[in-house]
$ cat structure_14.csv   # CSV, C-alpha atoms
chain,number,residue,atom,x,y,z
A,1,MET,CA,-32.1,26.3,-99.6
A,2,ILE,CA,-30.7,28.8,-102.0
A,3,VAL,CA,-33.1,30.4,-104.5
A,4,GLY,CA,-31.6,32.3,-107.4
A,5,ILE,CA,-33.8,35.1,-108.9
A,6,THR,CA,-33.1,37.0,-112.1
A,7,ALA,CA,-33.3,40.8,-111.5
A,8,ARG,CA,-32.8,44.2,-113.1
A,9,ALA,CA,-30.7,45.5,-110.2
A,10,ALA,CA,-29.3,44.5,-106.9
A,11,GLY,CA,-31.2,43.6,-103.7
A,12,MET,CA,-34.6,42.3,-102.8
A,13,ASP,CA,-36.5,45.4,-103.9
A,14,ALA,CA,-35.1,45.3,-107.4
A,15,PRO,CA,-37.6,44.5,-110.2
A,16,ALA,CA,-37.5,40.9,-111.3
A,17,GLU,CA,-36.2,40.2,-114.8
A,18,GLN,CA,-37.8,37.8,-117.2
A,19,ARG,CA,-34.7,37.0,-119.2
A,20,PHE,CA,-32.4,34.3,-117.7
A,21,GLY,CA,-28.8,34.5,-119.0
A,22,ARG,CA,-28.9,38.2,-119.9
A,23,ALA,CA,-30.6,39.4,-116.7
A,24,PRO,CA,-28.5,42.3,-115.4
A,25,PHE,CA,-28.3,40.8,-111.8
A,26,PHE,CA,-28.7,37.5,-110.1
A,27,VAL,CA,-30.1,37.6,-106.5
A,28,PHE,CA,-29.3,34.5,-104.4
A,29,VAL,CA,-31.6,34.2,-101.4
A,30,ASP,CA,-30.9,31.8,-98.5
A,31,THR,CA,-34.4,30.9,-97.4
A,32,GLU,CA,-33.2,29.6,-94.0
A,33,THR,CA,-31.3,32.7,-92.9
A,34,GLY,CA,-33.2,35.2,-95.1
A,35,THR,CA,-29.9,36.7,-96.4
A,36,ALA,CA,-29.6,37.8,-100.0
A,37,GLU,CA,-26.5,38.1,-102.1
A,38,SER,CA,-26.6,40.1,-105.4
A,39,ILE,CA,-24.2,39.4,-108.3
A,40,GLU,CA,-23.9,41.6,-111.3
A,41,ASN,CA,-24.1,39.4,-114.3
A,42,PRO,CA,-20.9,39.7,-116.3
A,43,LEU,CA,-22.5,37.9,-119.3
A,44,VAL,CA,-25.1,40.6,-120.2
A,45,ALA,CA,-23.3,41.9,-123.3
A,46,ASP,CA,-21.7,38.7,-124.5
A,47,ALA,CA,-22.3,37.5,-128.0
A,48,GLY,CA,-23.6,34.0,-127.3
A,49,GLY,CA,-23.5,30.9,-125.1
A,50,VAL,CA,-24.6,32.9,-122.0
A,51,GLY,CA,-27.2,30.2,-120.9
A,52,PRO,CA,-24.8,27.4,-119.9
A,53,ARG,CA,-22.4,29.9,-118.3
A,54,ALA,CA,-25.1,31.5,-116.2
A,55,VAL,CA,-26.2,28.0,-115.1
A,56,GLN,CA,-22.6,27.3,-113.9
A,57,MET,CA,-22.8,30.5,-111.9
A,58,PHE,CA,-26.1,29.5,-110.3
A,59,SER,CA,-24.6,26.0,-109.6
A,60,GLU,CA,-21.5,27.6,-108.0
A,61,HIS,CA,-23.7,29.6,-105.7
A,62,GLY,CA,-25.4,26.5,-104.6
A,63,ALA,CA,-28.8,27.4,-106.0
A,64,THR,CA,-31.3,24.5,-106.3
A,65,VAL,CA,-34.2,26.7,-107.4
A,66,VAL,CA,-34.3,29.4,-110.1
A,67,ILE,CA,-37.0,32.0,-110.5
A,68,THR,CA,-37.0,33.7,-113.9
A,69,GLY,CA,-39.3,34.4,-116.9
A,70,GLN,CA,-38.0,32.1,-119.5
A,71,VAL,CA,-34.9,30.1,-120.3
A,72,GLY,CA,-33.3,29.0,-123.7
A,73,GLY,CA,-32.6,25.5,-124.8
A,74,ASN,CA,-28.9,25.3,-123.8
A,75,ALA,CA,-29.6,26.8,-120.4
A,76,ALA,CA,-32.5,24.4,-119.9
A,77,LYS,CA,-30.3,21.4,-120.7
A,78,ALA,CA,-27.7,22.6,-118.1
A,79,LEU,CA,-30.3,23.4,-115.5
A,80,GLU,CA,-31.8,19.9,-115.8
A,81,ALA,CA,-28.4,18.2,-115.6
A,82,GLY,CA,-27.6,20.3,-112.6
A,83,GLY,CA,-30.8,19.3,-110.8
A,84,ILE,CA,-31.9,22.9,-110.6
A,85,LYS,CA,-35.6,23.5,-110.6
A,86,VAL,CA,-36.9,26.5,-112.6
A,87,TYR,CA,-40.1,28.4,-111.7
A,88,ALA,CA,-41.7,31.0,-113.9
A,89,TYR,CA,-42.4,34.5,-112.6
A,90,ARG,CA,-43.7,36.9,-115.2
A,91,GLY,CA,-45.2,39.6,-113.0
A,92,ASN,CA,-44.0,43.2,-112.7
A,93,GLY,CA,-43.1,42.9,-109.0
A,94,SER,CA,-39.8,42.9,-107.1
A,95,VAL,CA,-37.4,40.0,-106.3
A,96,ALA,CA,-39.1,39.8,-102.9
A,97,ASP,CA,-42.5,39.6,-104.6
A,98,ALA,CA,-41.3,36.8,-106.9
A,99,LEU,CA,-39.9,34.9,-103.9
A,100,ALA,CA,-43.2,35.4,-101.9
A,101,GLU,CA,-45.2,34.0,-104.8
A,102,TYR,CA,-42.8,31.0,-105.0
A,103,THR,CA,-43.0,30.4,-101.2
A,104,ALA,CA,-46.8,30.6,-101.4
A,105,GLY,CA,-46.8,27.9,-104.1
A,106,ASN,CA,-48.2,30.1,-106.8
A,107,LEU,CA,-45.5,29.7,-109.4
A,108,GLN,CA,-45.5,27.0,-112.1
A,109,PRO,CA,-42.4,25.0,-112.9
A,110,LEU,CA,-41.0,26.0,-116.3
A,111,SER,CA,-41.0,23.2,-118.8
A,112,LEU,CA,-37.4,22.6,-119.8
A,113,SER,CA,-37.8,20.2,-122.7
B,1,MET,CA,-1.8,32.8,-158.6
B,2,LYS,CA,-4.8,33.0,-156.4
B,3,ILE,CA,-7.7,35.2,-157.4
B,4,ALA,CA,-10.7,35.9,-155.0
B,5,ILE,CA,-14.1,37.0,-156.3
B,6,ALA,CA,-16.0,39.0,-153.7
B,7,SER,CA,-18.7,41.7,-153.6
B,8,GLY,CA,-20.0,42.6,-150.2
B,9,LYS,CA,-23.6,42.7,-151.5
B,10,GLY,CA,-25.3,39.4,-152.3
B,11,GLY,CA,-26.6,38.7,-155.8
B,12,THR,CA,-24.3,41.0,-157.8
B,13,GLY,CA,-23.0,38.1,-159.9
B,14,LYS,CA,-19.9,36.8,-158.1
B,15,SER,CA,-20.6,33.2,-159.0
B,16,THR,CA,-21.5,34.2,-162.6
B,17,VAL,CA,-18.2,36.0,-163.0
B,18,ALA,CA,-16.2,33.2,-161.2
B,19,ALA,CA,-17.8,30.4,-163.3
B,20,ASN,CA,-17.3,32.1,-166.6
B,21,LEU,CA,-13.8,33.2,-165.8
B,22,ALA,CA,-12.9,29.7,-164.7
B,23,PHE,CA,-14.4,28.2,-167.8
B,24,THR,CA,-12.5,30.6,-170.0
B,25,LEU,CA,-9.2,30.1,-168.2
B,26,SER,CA,-9.7,26.3,-168.4
B,27,CYS,CA,-9.7,26.5,-172.2
B,28,SER,CA,-6.0,27.3,-172.2
B,29,ARG,CA,-4.6,26.1,-168.8
B,30,ASP,CA,-5.3,24.1,-165.6
B,31,VAL,CA,-7.5,26.0,-163.1
B,32,VAL,CA,-9.0,25.1,-159.8
B,33,LEU,CA,-12.3,26.9,-158.9
B,34,VAL,CA,-13.1,26.9,-155.1
B,35,ASP,CA,-16.6,27.6,-154.0
B,36,CYS,CA,-16.0,29.3,-150.6
B,37,ASP,CA,-19.7,30.3,-150.2
B,38,VAL,CA,-20.0,27.3,-147.9
B,39,GLU,CA,-23.5,28.2,-146.6
B,40,GLU,CA,-25.0,28.0,-150.0
B,41,PRO,CA,-22.4,26.7,-152.5
B,42,ASN,CA,-23.9,26.6,-156.0
B,43,LEU,CA,-21.1,26.7,-158.6
B,44,HIS,CA,-21.7,23.0,-159.2
B,45,LEU,CA,-24.9,24.0,-160.9
B,46,PHE,CA,-22.8,25.6,-163.7
B,47,PHE,CA,-20.6,22.5,-163.7
B,48,PRO,CA,-22.5,19.3,-163.2
B,49,ALA,CA,-20.2,16.4,-162.6
B,50,GLU,CA,-19.7,13.5,-160.2
B,51,ALA,CA,-17.9,14.6,-157.1
B,52,THR,CA,-16.0,12.9,-154.2
B,53,ASP,CA,-16.5,14.0,-150.6
B,54,VAL,CA,-14.1,14.6,-147.8
B,55,PRO,CA,-15.6,15.3,-144.3
B,56,VAL,CA,-14.5,18.5,-142.5
B,57,THR,CA,-14.1,18.2,-138.8
B,58,THR,CA,-13.4,20.5,-135.9
B,59,PRO,CA,-11.9,19.6,-132.5
B,60,VAL,CA,-14.3,19.8,-129.6
B,61,PRO,CA,-13.6,18.9,-125.9
B,62,LYS,CA,-14.2,15.5,-124.4
B,63,ILE,CA,-14.1,15.2,-120.6
B,64,ASP,CA,-12.3,12.3,-118.8
B,65,SER,CA,-14.7,12.0,-115.8
B,66,ALA,CA,-12.1,9.8,-114.0
B,67,LYS,CA,-9.7,12.8,-113.9
B,68,CYS,CA,-12.1,15.7,-113.7
B,69,ASN,CA,-12.6,17.1,-110.1
B,70,LEU,CA,-15.4,19.6,-111.2
B,71,CYS,CA,-13.2,22.6,-110.4
B,72,GLY,CA,-15.1,24.7,-113.0
B,73,GLU,CA,-12.1,26.3,-114.7
B,74,CYS,CA,-13.1,25.1,-118.2
B,75,GLY,CA,-16.6,26.6,-117.9
B,76,LYS,CA,-15.3,29.9,-116.6
B,77,PHE,CA,-12.7,30.1,-119.4
B,78,CYS,CA,-15.0,29.3,-122.3
B,79,ARG,CA,-16.6,32.5,-123.5
B,80,PHE,CA,-18.9,30.6,-125.9
B,81,GLY,CA,-20.6,28.6,-123.2
B,82,ALA,CA,-19.5,25.3,-124.8
B,83,LEU,CA,-18.8,23.8,-121.3
B,84,ALA,CA,-20.8,24.1,-118.1
B,85,VAL,CA,-19.8,22.5,-114.8
B,86,VAL,CA,-23.0,21.7,-112.8
B,87,LYS,CA,-23.3,19.7,-109.7
B,88,ASP,CA,-21.7,16.3,-110.5
B,89,ARG,CA,-20.7,16.6,-114.2
B,90,VAL,CA,-19.3,18.8,-117.0
B,91,LEU,CA,-21.8,19.4,-119.8
B,92,THR,CA,-20.5,20.1,-123.2
B,93,PHE,CA,-22.3,22.0,-126.0
B,94,PRO,CA,-20.3,21.0,-129.1
B,95,HIS,CA,-22.3,23.3,-131.4
B,96,LEU,CA,-21.3,26.3,-129.3
B,97,CYS,CA,-17.6,25.4,-129.4
B,98,HIS,CA,-15.2,27.5,-131.5
B,99,SER,CA,-12.4,25.0,-131.2
B,100,CYS,CA,-9.9,27.3,-129.6
B,101,GLY,CA,-8.5,24.5,-127.4
B,102,GLY,CA,-8.4,26.8,-124.4
B,103,CYS,CA,-10.4,24.5,-122.1
B,104,ALA,CA,-7.8,21.7,-122.5
B,105,LEU,CA,-5.0,24.2,-121.7
B,106,VAL,CA,-6.6,25.6,-118.5
B,107,CYS,CA,-7.8,22.3,-117.1
B,108,PRO,CA,-5.5,21.7,-114.0
B,109,GLN,CA,-6.3,18.0,-114.1
B,110,GLY,CA,-5.5,17.3,-117.7
B,111,ALA,CA,-9.0,15.9,-118.0
B,112,ILE,CA,-9.9,17.4,-121.3
B,113,ARG,CA,-8.8,16.1,-124.7
B,114,GLU,CA,-10.1,17.2,-128.1
B,115,VAL,CA,-12.1,14.9,-130.4
B,116,PRO,CA,-13.2,15.6,-134.0
B,117,ARG,CA,-16.7,16.6,-134.8
B,118,THR,CA,-18.0,16.8,-138.4
B,119,ILE,CA,-19.4,20.2,-139.4
B,120,GLY,CA,-19.4,19.9,-143.2
B,121,ARG,CA,-17.6,18.5,-146.2
B,122,VAL,CA,-15.5,19.4,-149.2
B,123,THR,CA,-16.4,18.0,-152.5
B,124,ARG,CA,-14.1,17.8,-155.6
B,125,SER,CA,-15.0,17.2,-159.2
B,126,HIS,CA,-13.5,17.5,-162.7
B,127,PRO,CA,-16.3,18.9,-164.8
B,128,LEU,CA,-14.0,19.9,-167.7
B,129,PRO,CA,-10.6,18.5,-168.8
B,130,ARG,CA,-8.6,21.3,-167.3
B,131,LEU,CA,-11.0,22.5,-164.6
B,132,THR,CA,-11.2,21.2,-161.0
B,133,LEU,CA,-14.1,22.3,-158.9
B,134,VAL,CA,-13.8,22.2,-155.1
B,135,SER,CA,-16.8,23.1,-153.0
B,136,GLY,CA,-17.0,23.7,-149.3
B,137,VAL,CA,-20.3,22.6,-147.8
B,138,LEU,CA,-21.2,23.7,-144.2
B,139,ASN,CA,-23.8,21.5,-142.5
B,140,GLU,CA,-27.1,23.1,-141.7
B,141,GLY,CA,-27.2,24.8,-138.3
B,142,GLU,CA,-23.4,25.0,-138.0
B,143,VAL,CA,-21.6,28.4,-137.6
B,144,LEU,CA,-17.9,27.6,-138.3
B,145,ALA,CA,-17.9,28.6,-141.9
B,146,PRO,CA,-14.2,29.6,-141.9
B,147,MET,CA,-13.2,26.1,-140.9
B,148,VAL,CA,-14.9,24.6,-144.0
B,149,ILE,CA,-13.5,27.4,-146.2
B,150,LYS,CA,-10.0,26.7,-144.9
B,151,ALA,CA,-10.4,23.0,-145.7
B,152,ALA,CA,-11.7,23.8,-149.2
B,153,LYS,CA,-8.7,26.1,-149.9
B,154,MET,CA,-6.3,23.6,-148.5
B,155,LEU,CA,-7.6,20.9,-150.9
B,156,ALA,CA,-6.8,23.3,-153.8
B,157,GLU,CA,-3.4,24.3,-152.4
B,158,GLY,CA,-0.4,23.7,-154.7
B,159,HIS,CA,-2.1,24.4,-158.0
B,160,PRO,CA,-0.7,27.2,-160.0
B,161,LEU,CA,-4.0,29.0,-160.7
B,162,ILE,CA,-6.8,29.1,-158.2
B,163,LEU,CA,-10.1,31.1,-158.1
B,164,TYR,CA,-11.9,31.6,-154.8
B,165,ASP,CA,-15.6,32.5,-155.0
B,166,ALA,CA,-16.4,34.3,-151.8
B,167,SER,CA,-19.7,34.5,-149.9
B,168,PRO,CA,-21.5,37.8,-149.7
B,169,GLY,CA,-20.7,40.0,-146.7
B,170,ILE,CA,-17.5,41.3,-145.3
B,171,ALA,CA,-17.1,39.3,-142.1
B,172,CYS,CA,-15.1,36.1,-141.1
B,173,PRO,CA,-16.0,33.9,-144.1
B,174,VAL,CA,-15.0,36.5,-146.6
B,175,ILE,CA,-11.8,37.4,-144.7
B,176,GLU,CA,-10.9,33.7,-144.6
B,177,THR,CA,-11.5,33.5,-148.3
B,178,LEU,CA,-9.5,36.5,-149.2
B,179,GLU,CA,-6.5,35.6,-147.0
B,180,GLY,CA,-3.6,34.6,-149.1
B,181,SER,CA,-5.1,35.8,-152.4
B,182,ASP,CA,-2.9,37.7,-154.8
B,183,PHE,CA,-5.8,39.7,-156.3
B,184,CYS,CA,-9.5,40.4,-155.6
B,185,VAL,CA,-12.2,40.9,-158.2
B,186,LEU,CA,-15.0,43.0,-156.7
B,187,VAL,CA,-18.3,42.4,-158.5
B,188,THR,CA,-20.8,45.2,-158.2
B,189,GLU,CA,-24.0,46.4,-159.8
B,190,SER,CA,-25.4,49.8,-160.9
B,191,THR,CA,-27.5,50.4,-157.8
B,192,PRO,CA,-26.9,52.4,-154.6
B,193,PHE,CA,-26.9,49.1,-152.8
B,194,GLY,CA,-24.2,47.7,-155.0
B,195,LEU,CA,-22.0,50.8,-154.6
B,196,HIS,CA,-22.6,50.9,-150.8
B,197,ASP,CA,-21.4,47.4,-150.4
B,198,LEU,CA,-18.6,47.8,-152.9
B,199,ARG,CA,-17.2,50.4,-150.6
B,200,LEU,CA,-17.2,48.0,-147.7
B,201,ALA,CA,-15.7,45.1,-149.7
B,202,ALA,CA,-13.0,47.4,-151.2
B,203,GLY,CA,-12.2,48.4,-147.6
B,204,VAL,CA,-11.7,44.8,-146.6
B,205,ALA,CA,-9.4,44.1,-149.6
B,206,GLU,CA,-7.4,47.3,-148.8
B,207,THR,CA,-7.1,46.3,-145.1
B,208,LEU,CA,-5.8,42.9,-146.1
B,209,GLY,CA,-3.4,44.5,-148.5
B,210,ILE,CA,-4.8,42.7,-151.6
B,211,PRO,CA,-4.9,44.6,-154.9
B,212,ALA,CA,-8.4,44.7,-156.3
B,213,GLY,CA,-10.3,45.6,-159.5
B,214,VAL,CA,-14.0,46.0,-160.2
B,215,VAL,CA,-16.5,44.2,-162.5
B,216,ILE,CA,-19.7,46.2,-163.0
B,217,ASN,CA,-22.5,43.8,-163.6
B,218,ARG,CA,-26.1,44.4,-164.9
B,219,SER,CA,-24.9,47.9,-166.0
B,220,ASP,CA,-27.6,50.2,-167.2
B,221,GLY,CA,-25.0,52.5,-168.6
B,222,LYS,CA,-25.3,55.0,-165.7
B,223,ASP,CA,-22.4,54.0,-163.6
B,224,GLU,CA,-20.9,57.5,-162.9
B,225,GLU,CA,-21.0,57.1,-159.2
B,226,THR,CA,-19.3,53.7,-159.3
B,227,LEU,CA,-16.8,55.0,-161.8
B,228,ASP,CA,-16.0,58.0,-159.5
B,229,PHE,CA,-15.6,55.8,-156.5
B,230,CYS,CA,-13.2,53.5,-158.4
B,231,ARG,CA,-11.2,56.4,-159.7
B,232,GLU,CA,-10.8,57.9,-156.2
B,233,HIS,CA,-9.7,54.5,-154.9
B,234,ASP,CA,-7.4,53.5,-157.8
B,235,LEU,CA,-9.6,50.5,-158.5
B,236,PRO,CA,-9.3,49.5,-162.2
B,237,ILE,CA,-12.6,48.7,-164.0
B,238,LEU,CA,-11.9,45.3,-165.3
B,239,MET,CA,-15.1,44.6,-167.2
B,240,THR,CA,-18.6,45.9,-167.6
B,241,ILE,CA,-21.5,43.4,-168.2
B,242,PRO,CA,-24.6,45.1,-169.5
B,243,PHE,CA,-28.1,44.6,-168.2
B,244,SER,CA,-29.4,42.1,-170.7
B,245,ARG,CA,-32.3,39.7,-170.8
B,246,GLU,CA,-30.2,37.2,-172.9
B,247,ILE,CA,-27.4,37.1,-170.2
B,248,ALA,CA,-30.0,36.8,-167.4
B,249,THR,CA,-31.9,34.0,-169.1
B,250,THR,CA,-28.7,32.0,-169.9
B,251,THR,CA,-27.3,32.3,-166.4
B,252,SER,CA,-30.7,31.6,-164.7
B,253,ARG,CA,-30.7,28.2,-166.5
B,254,GLY,CA,-27.2,27.4,-165.2
B,255,GLY,CA,-25.6,28.2,-168.5
B,256,LEU,CA,-22.2,29.9,-169.0
B,257,ILE,CA,-22.4,33.0,-171.2
B,258,ALA,CA,-18.7,32.5,-172.1
B,259,ALA,CA,-19.7,29.1,-173.6
B,260,LEU,CA,-23.1,29.9,-175.0
B,261,LEU,CA,-23.3,33.5,-176.1
B,262,PRO,CA,-21.1,34.9,-178.9
B,263,GLY,CA,-18.3,37.2,-177.9
B,264,TRP,CA,-18.2,36.5,-174.2
B,265,GLU,CA,-15.4,34.0,-174.2
B,266,GLU,CA,-13.3,36.8,-175.7
B,267,ARG,CA,-14.5,39.3,-173.1
B,268,PHE,CA,-13.7,36.9,-170.2
B,269,THR,CA,-10.3,36.2,-171.8
B,270,ASP,CA,-9.7,40.0,-171.7
B,271,LEU,CA,-10.8,40.0,-168.0
B,272,ALA,CA,-8.3,37.1,-167.3
B,273,ASP,CA,-5.5,39.0,-169.1
B,274,ALA,CA,-6.3,42.2,-167.1
B,275,ILE,CA,-6.2,40.3,-163.8
B,276,LEU,CA,-3.1,38.3,-164.7
B,277,GLY,CA,-1.5,41.4,-166.0
B,278,VAL,CA,-1.9,43.2,-162.7
B,279,ASN,CA,0.0,40.4,-160.9
B,280,PRO,CA,1.4,37.9,-163.4
$ encode --input "structure_14.csv" --output "structure tokens"
Amino acid sequence: MIVGITARAAGMDAPAEQRFGRAPFFVFVDTETGTAESIENPLVADAGGVGPRAVQMFSEHGATVVITGQVGGNAAKALEAGGIKVYAYRGNGSVADALAEYTAGNLQPLSLS
Amino acid sequence: MKIAIASGKGGTGKSTVAANLAFTLSCSRDVVLVDCDVEEPNLHLFFPAEATDVPVTTPVPKIDSAKCNLCGECGKFCRFGALAVVKDRVLTFPHLCHSCGGCALVCPQGAIREVPRTIGRVTRSHPLPRLTLVSGVLNEGEVLAPMVIKAAKMLAEGHPLILYDASPGIACPVIETLEGSDFCVLVTESTPFGLHDLRLAAGVAETLGIPAGVVINRSDGKDEETLDFCREHDLPILMTIPFSREIATTTSRGGLIAALLPGWEERFTDLADAILGVNP
């Protein structure tokens, strides 16, 4: 399973980011192999419509779970249509911390509607 | 001839000047007044009359799922996020679409065609024998004001004398309004805010190569800074309207000072002559 986590920098030790479409980095973790791929978000400074475009990037990377702070309405619609589950992490920890909380079953699903 | 009325700052009296100028011109010739402030058109309040509506539509993508192979090119191309390819479908977000048509061009499968979506309307009325009022109305929540302005201007096209009342600001809607105008009337007021935004609006007119002149509204008689600015930039002062309770009261009730207050039809006739004299 691929879990996509919004982050402020690259790598598992980077601080998790609460914003979804405007997070500086996306970290995709393969929970079976434990490998992580970090992508610099090209949409950070764009004027608008970043939500659906970010969702397409998550979809292309095969993510079926997203961990972030909050998502906007357009992103929520696209995530729902793409069958991607979203969990809320609003702590101050790293990407690894957010993933650990998710794995331990401590994160709540974000309401998308 | 096409005359645009703009200001930069909101509330300086663009619509007041446009309405009174249109009324005065219509006493001697046919004139079309176009309300290009499509987010909050209000010239009809000066000219109540029964109007007919024409819808304004903009093209948005429609996906033929039989042809689409979910390659994702459309979603990658669209910088407005109006399409997203997720798992087994292409989602469209029509309200984010800017109608550039690029998605249909980049689709390798030819699976995208454009369909119309209504974003507003243009209304037309004949409140006076020689005056036609055209108003653009953008639906709430929509962003494509220039599309509605373009449609309103198109409906007036072909008439010998057209006035465009612009929205405040200096961005896309105002530029769309000013485009193709032969002259721009910049309405300002005797405040630092009026002058600040007059500078911006004069810059837009200059950039677009449209000759301009200035109307000072609500003048308290201390207009030196504005006069200096106009002198430096070769902007003729076309008219000065004093700060007056009588004018404010008449206008606030939807009344035309050129029709109701003595002497003002003559002054707006002078304004018309000054404008038409600049570019007859």
$ residues_near_point --input "structure_14.csv" --point "(-43.1, 32.6, -107.1)" --cutoff "8 Å" --atoms "all atoms listed in the file" --output "ChimeraX atom specification"
/A:67,87-89,97-108
$ atom_distance --input "structure_14.csv" --atom1 "atom CA of B:His159" --atom2 "atom CA of B:Met1"
8.4 Å
$ residues_around --input "structure_14.csv" --residues "A:Ala63" --least-positions-apart "2" --cutoff "6 Å" --atoms "only C-alpha atoms" --output "PDB file with C-alpha atoms, in the frame of the given file"
ATOM      1  CA  ILE A   2     -30.700  28.800-102.000  1.00  0.00           C
ATOM      2  CA  VAL A   3     -33.100  30.400-104.500  1.00  0.00           C
ATOM      3  CA  GLY A   4     -31.600  32.300-107.400  1.00  0.00           C
ATOM      4  CA  PHE A  58     -26.100  29.500-110.300  1.00  0.00           C
ATOM      5  CA  SER A  59     -24.600  26.000-109.600  1.00  0.00           C
ATOM      6  CA  HIS A  61     -23.700  29.600-105.700  1.00  0.00           C
ATOM      7  CA  VAL A  65     -34.200  26.700-107.400  1.00  0.00           C
TER       8      VAL A  65
END
$ closest_residue --input "structure_14.csv" --among "B:Leu96, B:Ala111, B:Glu246, B:Ala51" --to "B:Ala66" --atoms "all atoms listed in the file"
B:Ala111
$ atom_distance --input "structure_14.csv" --atom1 "atom CA of A:Thr6" --atom2 "atom CA of A:Gly69"
8.3 Å
$ atom_distance --input "structure_14.csv" --atom1 "atom CA of B:Val56" --atom2 "atom CA of B:Val85"
28.5 Å
$ residues_around --input "structure_14.csv" --residues "B:Val187" --least-positions-apart "6" --cutoff "12 Å" --atoms "only C-alpha atoms" --output "PyMOL selection string"
chain B and resi 4-18+165-168+194-195+197-199+201-202+212-219+226+235+237-241
$ decode --input "structure_14.csv" --residues "stretch 54-69 of chain A" --atoms "N, CA and C atoms" --output "mmCIF file, in the first residue's frame"
data_model
loop_
_atom_site.group_PDB
_atom_site.id
_atom_site.type_symbol
_atom_site.label_atom_id
_atom_site.label_comp_id
_atom_site.auth_asym_id
_atom_site.auth_seq_id
_atom_site.Cartn_x
_atom_site.Cartn_y
_atom_site.Cartn_z
ATOM 1 N N ALA A 54 -3.245 18.224 -7.328
ATOM 2 C CA ALA A 54 -2.482 17.451 -6.346
ATOM 3 C C ALA A 54 -3.049 16.038 -6.239
ATOM 4 N N VAL A 55 -4.386 15.934 -6.281
ATOM 5 C CA VAL A 55 -4.999 14.602 -6.178
ATOM 6 C C VAL A 55 -4.564 13.735 -7.357
ATOM 7 N N GLN A 56 -4.509 14.346 -8.553
ATOM 8 C CA GLN A 56 -4.061 13.548 -9.707
ATOM 9 C C GLN A 56 -2.635 13.034 -9.489
ATOM 10 N N MET A 57 -1.771 13.866 -8.885
ATOM 11 C CA MET A 57 -0.406 13.423 -8.600
ATOM 12 C C MET A 57 -0.391 12.255 -7.611
ATOM 13 N N PHE A 58 -1.223 12.342 -6.576
ATOM 14 C CA PHE A 58 -1.306 11.235 -5.605
ATOM 15 C C PHE A 58 -1.807 9.969 -6.308
ATOM 16 N N SER A 59 -2.799 10.150 -7.189
ATOM 17 C CA SER A 59 -3.379 9.017 -7.911
ATOM 18 C C SER A 59 -2.322 8.373 -8.808
ATOM 19 N N GLU A 60 -1.532 9.209 -9.489
ATOM 20 C CA GLU A 60 -0.494 8.683 -10.385
ATOM 21 C C GLU A 60 0.592 7.926 -9.627
ATOM 22 N N HIS A 61 0.819 8.317 -8.378
ATOM 23 C CA HIS A 61 1.819 7.610 -7.571
ATOM 24 C C HIS A 61 1.230 6.384 -6.879
ATOM 25 N N GLY A 62 -0.034 6.115 -7.170
ATOM 26 C CA GLY A 62 -0.648 4.896 -6.634
ATOM 27 C C GLY A 62 -1.061 4.969 -5.182
ATOM 28 N N ALA A 63 -1.107 6.190 -4.636
ATOM 29 C CA ALA A 63 -1.474 6.317 -3.220
ATOM 30 C C ALA A 63 -2.943 5.970 -3.024
ATOM 31 N N THR A 64 -3.240 5.185 -2.014
ATOM 32 C CA THR A 64 -4.631 4.889 -1.665
ATOM 33 C C THR A 64 -4.993 5.500 -0.320
ATOM 34 N N VAL A 65 -3.964 6.037 0.377
ATOM 35 C CA VAL A 65 -4.194 6.723 1.649
ATOM 36 C C VAL A 65 -3.394 8.026 1.642
ATOM 37 N N VAL A 66 -4.036 9.094 2.130
ATOM 38 C CA VAL A 66 -3.349 10.380 2.275
ATOM 39 C C VAL A 66 -3.385 10.777 3.740
ATOM 40 N N ILE A 67 -2.234 11.250 4.249
ATOM 41 C CA ILE A 67 -2.207 11.816 5.601
ATOM 42 C C ILE A 67 -1.852 13.292 5.473
ATOM 43 N N THR A 68 -2.764 14.165 5.930
ATOM 44 C CA THR A 68 -2.559 15.614 5.827
ATOM 45 C C THR A 68 -3.377 16.285 6.916
ATOM 46 N N GLY A 69 -3.303 17.631 6.975
ATOM 47 C CA GLY A 69 -4.044 18.346 8.023
ATOM 48 C C GLY A 69 -5.475 18.615 7.627
#
